[in-house]
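**Q** Encoded as structure tokens, here's the structure I'll be asking about.
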Amino acid sequence: QVTGYLDDCTCDVETIDAFNNYKLFPRLNELLESDYFRYYKVNLQKPCPFWDDNSHCGMRDCAVQPCPSDEVPDGIRSGSYKYSEEANNLAEECEEAKRLGAVDDSLSKETREAVLQWTQHDDSSDSFCEADDIHSPDAEYVDLLLNPERYTGYKGPDAWKIWNSIYEENCFKPQNVKRPLASGRGDDGGQTFYKWLKGVCVEKRAFYRLISGLHASINIHLSARYLLQDTWSEKKWGPNVTEFQQRFDEVLTRGEGPRRLKNLYFLYLIELRALSKVLPFFERPGFQLYTGNKSQDAEMKHLLLEILHLAKSFPLHFDENSFFAGKKKEAAKLKEEFRLHFKNISRIMDCVGCFKCRLWGKLQTQGLGTALKILFSENLIEKIPESGPSYGFQLTRQEIVALFNAFGRVSTSVKELENFRNILQNMQ
């Protein structure tokens, strides 16, 4: 039933399906299997900042296997958070300078200024995410290919509490408006909720739809990589149609399922738009996906630019100019609210009891946060010089890896939807 145009957009589902499944998805997958994008540094030991939470998932499939550090490519390990060889060296000098308590006199004046610019940037207020301190002793590299996102058995009250906290407290929603199908409530088919949603400004509506789209995307991954067989000899993962229908079938979800899936497409458009906008940052000759393997780094940069040009060529982009377009003062206030709400959601991810779910939750919220940061930095991106450091707009390696992997997850969801459609048609 999910066809046709999407609300607040000029785009339709069919255009996205064809573009994603046959053009973008195969190339993106290849990029995400490369060394630069498969290693993500994350701190899974941070305590939950909102409630006492000791309910860690004890199931095997919840565990995350960190990488022994000798398996992580040298280039990533040595300069894990800046983007090029020269910048990695500078960043290390900067760390050294910090340890010495002052900027080292042996650095040239330009280098010192660049170092100070960077540290200022990293503390700047344009971030939509509560980023992990990747220099913390608890932060470890994880190989995302060895820890895929799939069904872990983490569900019930603990998982519900996370999503409930996100929707009830962080989506600009008043307490008296109950969202559809929230557990244990009298439901009016979502009438009050959708009336409220229709009445709020486009930004607040978009915020809700992004979170709903992220939720839908995660549920598709869990349904598509479900534990179908678990014996001592083998584990078999694959699509679970019943699980998928319980979450998305129009009848079983009283009309909610198709709405959730449309929100997934909305999320896709927002993240795709960010990729098309950030092209100038990656196009500069000074930018490289530095892992230490020169030929592979050059090849992957070429593939990355091909993907970004493809994203730019998409015919029906979301028009974000309607966002925060009101009076300057009100627009700035709304943007700040938006940022703080999203930042809070990124902090809630530290309350997820299943470590594998926490890993992918943190990565996907950081990726979406980075996409929002790009969309709201358009004028800074336009001013990026063709060579030399980009002071006004900067992305750390963490943000780059999260941005592309998060979009990879949404792109995978759109592809999996086609797979479920085919299975369901064959069952009829």
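By order in the structure tokens, chains are A, B, ...; within a chain, residues start at 1; ligands start at 1, following the order shown.
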Each residue of segment 366-401 of chain A with at least one atom at most 12 Å from segment 209-222 of chain A should appear once, together with its nearest atom pair and the corresponding distance in Å (one decimal); atoms considered: only C-alpha atoms; ordering: chain, then increasing residue number; output as a tab-separated table.
**A**
```
residue	atom	partner	partner_atom	distance
A:Gln366	CA	A:Leu214	CA	11.9
A:Gly367	CA	A:Leu214	CA	11.0
A:Leu368	CA	A:Leu210	CA	8.7
A:Gly369	CA	A:Leu210	CA	10.8
A:Ala371	CA	A:Leu210	CA	11.5
A:Leu372	CA	A:Leu210	CA	10.6
```
**Q** Taking the DSSP assignment computed from this structure's backbone, write out as a PyMOL selection string all residues of segment 204-332 of chain A that belong to strand (DSSP E).
**A** chain A and resi 226-230+235-238
**Q** Can I get the selection written as a CSV table (one decimal), in the first residue's frame, with C-alpha atoms?
**A**
```csv
chain,number,residue,atom,x,y,z
A,226,TYR,CA,15.8,-12.5,12.1
A,227,LEU,CA,17.1,-15.6,13.9
A,228,LEU,CA,15.2,-18.3,12.0
A,229,GLN,CA,17.1,-21.3,13.3
A,230,ASP,CA,19.4,-21.7,16.3
A,235,LYS,CA,22.5,-20.2,13.2
A,236,LYS,CA,20.4,-19.1,10.3
A,237,TRP,CA,19.3,-15.5,9.8
A,238,GLY,CA,16.8,-14.4,7.2
```
**Q** Which residues are close to segment 35-48 of chain A, i.e. within 6 Å by only C-alpha atoms, leaving aside same-chain residues fewer than 2 positions away? Reply as a list in words.
**A**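 The neighbour list is Leu32, Glu33, Phe50, Asp138, Ala139, Glu140, Tyr141, Val142, Asp143, Leu144, Asp350, Cys351 and Val401 of chain A.
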**Q** So which residues touch Phe282 of chain A within 12 Å, counting only C-alpha atoms, skipping near sequence neighbours fewer than 6 positions away, as a PyMOL selection string?
**A** chain A and resi 83-84+275-276+288-289+300-309+381+384-387+389-390+393-395+400
**Q** Convert the current residue selection to file output with C-alpha atoms, as a short mmCIF file (atom, residue, chain, number, x, y, z; two decimals), in the first residue's frame.
**A**
```
data_model
loop_
_atom_site.label_atom_id
_atom_site.label_comp_id
_atom_site.auth_asym_id
_atom_site.auth_seq_id
_atom_site.Cartn_x
_atom_site.Cartn_y
_atom_site.Cartn_z
CA TYR A 83 40.47 13.71 7.72
CA SER A 84 43.81 13.81 5.94
CA LEU A 275 24.88 13.84 0.90
CA SER A 276 24.18 15.93 -2.17
CA GLN A 288 41.46 11.79 1.64
CA LEU A 289 39.96 8.72 3.28
CA MET A 300 37.59 4.65 -2.20
CA LYS A 301 37.67 8.43 -2.53
CA HIS A 302 36.80 7.98 -6.20
CA LEU A 303 33.86 5.71 -5.27
CA LEU A 304 32.75 8.14 -2.54
CA LEU A 305 32.64 11.04 -5.01
CA GLU A 306 30.77 8.88 -7.52
CA ILE A 307 28.12 8.18 -4.84
CA LEU A 308 27.86 11.87 -3.90
CA HIS A 309 27.49 12.92 -7.56
CA ILE A 381 29.82 24.63 2.96
CA ILE A 384 34.80 26.11 1.74
CA PRO A 385 38.08 26.97 -0.04
CA GLU A 386 39.18 24.57 -2.77
CA SER A 387 42.47 23.93 -1.02
CA PRO A 389 41.78 23.64 5.76
CA SER A 390 38.05 24.23 5.91
CA PHE A 393 32.69 23.64 8.28
CA GLN A 394 34.38 20.49 9.46
CA LEU A 395 33.51 16.81 9.81
CA ILE A 400 31.88 10.75 8.24
#
```
**Q** For the atom pair atom CA of Glu330 of chain A and atom CA of Leu380 of chain A, what is the interatomic distance in Å to one decimal place?
**A**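 Computing the Euclidean distance for atom CA of Glu330 of chain A and atom CA of Leu380 of chain A yields 20.9 Å.
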